Amino acid sequence: MKDNEAAEKPEEYMPLREVVFLTLRRQILRGELKPGERLMEIALANRLGVSRTPIREAIRKLEHDGLVVMIPRRGAHVAEITRQELCDVLEVRKSLDVLAIRKANEFMTGKDLKNLRAAGEAFAVLVTQKNADLSMLGEADEHFHEMIYQGTGNRRLIQILGNLREQMYRFRVEYLKDKDIRQTLVEEHDAIVEALEKRDVEEAVRMIELHIDNQYSAINRALDQ
């Protein structure tokens, strides 16, 4: 396959149809294939260097997962982001992030917290750049939260949040488009770190809940536009 992402080592031993499915799924979740965009089998097959059969199978599976919709006489399209999907994903994320914050407050070491602050500062530096790349901003924001998850020491929780993180890709791009919210994210990251440094778990919980609520509002505004 031509896409570099599709050639990642864990996928080398998968059936071709599964590699194609994971590649297209990743591109949808990361916003590389836009909501409402038509999925042309021939174009995708040429771009990925495969036949149309694994493309067709992947599209059927993506439809089953709700990431693709079939429109009569118009074919397959990337599913639009809906408010219900947004509400469902962030509702689950909020509950899990609260649990993660409580566990991280208990188990993160001084070194862990120093690294977390550095991650927050790295995101802040990107925000100051006039033409900051959305994907880089998204990765920096994701890295900040991933450090909190790793700090819980709970492998099952980390795994579940990792799966949910993929669902968040579509939303993360939307709220990071709003330049006004970027500085708010910086301030919220900083407040979360400060609360964890003080071992003030209730303040840390309050800030992570506010953090996610503000993201919900920002994405809703983006959907309105």
# chains A, B, ... in the order shown; residues from 1 in each chain; ligands from 1
>>> residues_around(residues="Leu96 in chain A", least_positions_apart="3", cutoff="10 Å", atoms="only C-alpha atoms", output="short mmCIF file (atom, residue, chain, number, x, y, z; two decimals) with N, CA and C atoms, in the first residue's frame")
data_model
loop_
_atom_site.label_atom_id
_atom_site.label_comp_id
_atom_site.auth_asym_id
_atom_site.auth_seq_id
_atom_site.Cartn_x
_atom_site.Cartn_y
_atom_site.Cartn_z
N LEU A 90 -18.19 12.56 24.59
CA LEU A 90 -17.66 13.40 25.66
C LEU A 90 -18.23 13.03 27.04
N GLU A 91 -19.44 12.47 27.06
CA GLU A 91 -20.01 12.00 28.31
C GLU A 91 -19.16 10.86 28.89
N VAL A 92 -18.78 9.93 28.01
CA VAL A 92 -17.93 8.82 28.44
C VAL A 92 -16.54 9.32 28.81
N ARG A 93 -16.00 10.20 27.97
CA ARG A 93 -14.65 10.70 28.24
C ARG A 93 -14.59 11.46 29.57
N LEU A 99 -11.92 9.74 36.60
CA LEU A 99 -11.28 8.59 37.24
C LEU A 99 -9.76 8.66 37.05
N ALA A 100 -9.33 9.02 35.83
CA ALA A 100 -7.90 9.10 35.55
C ALA A 100 -7.23 10.17 36.41
N ILE A 101 -7.88 11.31 36.56
CA ILE A 101 -7.31 12.39 37.39
C ILE A 101 -7.15 11.93 38.83
N ARG A 102 -8.15 11.23 39.34
CA ARG A 102 -8.07 10.76 40.74
C ARG A 102 -6.93 9.76 40.91
N TYR A 149 -3.02 9.91 31.69
CA TYR A 149 -3.51 8.53 31.65
C TYR A 149 -2.41 7.54 32.05
N LEU A 157 -7.46 0.91 32.22
CA LEU A 157 -7.99 2.26 32.01
C LEU A 157 -7.27 2.95 30.86
N ILE A 158 -5.96 2.78 30.80
CA ILE A 158 -5.16 3.38 29.72
C ILE A 158 -5.61 2.82 28.37
N ILE A 160 -8.62 1.53 27.57
CA ILE A 160 -9.96 2.03 27.23
C ILE A 160 -9.89 3.48 26.76
N LEU A 161 -9.10 4.29 27.45
CA LEU A 161 -8.95 5.69 27.06
C LEU A 161 -8.24 5.80 25.71
N LEU A 164 -10.89 5.29 23.14
CA LEU A 164 -11.74 6.48 23.08
C LEU A 164 -11.01 7.65 22.42
#
>>> select_by_dssp(residues="range 29-165 of chain A", states="helix (DSSP H, G or I)", output="PyMOL selection string")
chain A and resi 29+41-48+52-64+83-107+110-128+134-150+155-165
>>> closest_atom_pairs(of="range 51-89 of chain A", to="range 206-215 of chain A", cutoff="12 Å", atoms="only C-alpha atoms", output="Markdown table")
| residue | atom | partner | partner_atom | distance |
| --- | --- | --- | --- | --- |
| A:Leu86 | CA | A:Gln215 | CA | 10.2 |
| A:Cys87 | CA | A:Asp213 | CA | 10.3 |
| A:Val89 | CA | A:Ile212 | CA | 10.8 |
>>> closest_atom_pairs(of="range 45-125 of chain A", to="range 17-39 of chain A", cutoff="12 Å", atoms="only C-alpha atoms", output="tab-separated table")
residue	atom	partner	partner_atom	distance
A:Ala45	CA	A:Val20	CA	9.4
A:Arg47	CA	A:Val20	CA	11.2
A:Leu48	CA	A:Val20	CA	8.0
A:Gly49	CA	A:Val20	CA	10.1
A:Val50	CA	A:Val20	CA	8.6
A:Ser51	CA	A:Arg17	CA	10.0
A:Arg52	CA	A:Arg17	CA	10.2
A:Thr53	CA	A:Arg17	CA	8.1
A:Pro54	CA	A:Arg17	CA	4.5
A:Ile55	CA	A:Val20	CA	6.6
A:Arg56	CA	A:Arg17	CA	8.9
A:Glu57	CA	A:Arg17	CA	6.6
A:Ala58	CA	A:Phe21	CA	4.5
A:Ile59	CA	A:Phe21	CA	7.3
A:Arg60	CA	A:Phe21	CA	9.3
A:Lys61	CA	A:Phe21	CA	7.4
A:Leu62	CA	A:Arg25	CA	7.0
A:Glu63	CA	A:Arg25	CA	10.5
A:His64	CA	A:Phe21	CA	11.7
A:Asp65	CA	A:Arg25	CA	9.5
A:Gly66	CA	A:Arg25	CA	10.6
A:Leu67	CA	A:Ile28	CA	7.5
A:Val68	CA	A:Leu39	CA	8.8
A:Val69	CA	A:Gly36	CA	9.0
A:Met70	CA	A:Arg38	CA	9.7
A:Ile71	CA	A:Arg38	CA	9.8
A:Arg73	CA	A:Arg38	CA	12.0
A:Arg74	CA	A:Arg38	CA	8.2
A:Gly75	CA	A:Arg38	CA	7.3
A:Ala76	CA	A:Leu39	CA	5.4
A:His77	CA	A:Arg38	CA	4.2
A:Val78	CA	A:Gly36	CA	5.0
A:Ala79	CA	A:Pro35	CA	5.5
A:Glu80	CA	A:Pro35	CA	4.6
A:Ile81	CA	A:Pro35	CA	6.7
A:Thr82	CA	A:Pro35	CA	10.1
>>> residues_around(residues="Ala195 in chain A", least_positions_apart="4", cutoff="6 Å", atoms="only C-alpha atoms", output="ChimeraX atom specification")
/A:200,203-204
>>> residues_around(residues="Asn220 in chain A", least_positions_apart="3", cutoff="9 Å", atoms="only C-alpha atoms", output="number ranges by chain")
A: 83, 86, 175, 215-217, 223-225
>>> atom_distance(atom1="CA of Phe123 in chain A", atom2="CA of Val201 in chain A")
23.0 Å
>>> atom_distance(atom1="CA of Gly110 in chain A", atom2="CA of Met136 in chain A")
26.8 Å
>>> atom_distance(atom1="CA of Asp180 in chain A", atom2="CA of Lys94 in chain A")
22.1 Å
>>> select_by_dssp(residues="range 3-224 of chain A", states="strand (DSSP E)", output="PDB file with N, CA and C atoms, in the first residue's frame")
ATOM      1  N   VAL A  68     -19.461   5.817   8.062  1.00  0.00           N
ATOM      2  CA  VAL A  68     -19.806   6.022   6.658  1.00  0.00           C
ATOM      3  C   VAL A  68     -21.311   5.818   6.502  1.00  0.00           C
ATOM      4  N   VAL A  69     -21.916   6.610   5.627  1.00  0.00           N
ATOM      5  CA  VAL A  69     -23.338   6.430   5.310  1.00  0.00           C
ATOM      6  C   VAL A  69     -23.465   6.201   3.808  1.00  0.00           C
ATOM      7  N   MET A  70     -24.405   5.340   3.429  1.00  0.00           N
ATOM      8  CA  MET A  70     -24.680   5.074   2.023  1.00  0.00           C
ATOM      9  C   MET A  70     -25.892   5.907   1.615  1.00  0.00           C
ATOM     10  N   ILE A  71     -25.712   6.762   0.619  1.00  0.00           N
ATOM     11  CA  ILE A  71     -26.780   7.627   0.140  1.00  0.00           C
ATOM     12  C   ILE A  71     -27.254   7.108  -1.209  1.00  0.00           C
ATOM     13  N   GLY A  75     -23.858   7.023  -3.464  1.00  0.00           N
ATOM     14  CA  GLY A  75     -22.768   6.217  -2.956  1.00  0.00           C
ATOM     15  C   GLY A  75     -22.405   6.474  -1.510  1.00  0.00           C
ATOM     16  N   ALA A  76     -21.167   6.108  -1.169  1.00  0.00           N
ATOM     17  CA  ALA A  76     -20.694   6.183   0.220  1.00  0.00           C
ATOM     18  C   ALA A  76     -20.125   7.566   0.529  1.00  0.00           C
ATOM     19  N   HIS A  77     -20.486   8.083   1.712  1.00  0.00           N
ATOM     20  CA  HIS A  77     -19.973   9.373   2.167  1.00  0.00           C
ATOM     21  C   HIS A  77     -19.530   9.240   3.623  1.00  0.00           C
ATOM     22  N   VAL A  78     -18.528  10.017   3.998  1.00  0.00           N
ATOM     23  CA  VAL A  78     -18.114  10.068   5.397  1.00  0.00           C
ATOM     24  C   VAL A  78     -19.265  10.653   6.216  1.00  0.00           C
TER      25      VAL A  78
END
>>> closest_residue(among="A:Ala132, A:Leu44, A:Ala140, A:Met147", to="Met108 in chain A", atoms="only C-alpha atoms")
A:Met147
>>> closest_residue(among="A:Ser135, A:Asn105, A:Asn46, A:Thr128", to="Lys177 in chain A", atoms="only C-alpha atoms")
A:Ser135
>>> residues_around(residues="Leu116 in chain A", least_positions_apart="3", cutoff="8 Å", atoms="only C-alpha atoms", output="ChimeraX atom specification")
/A:112-113,119-120,144,147-148,193
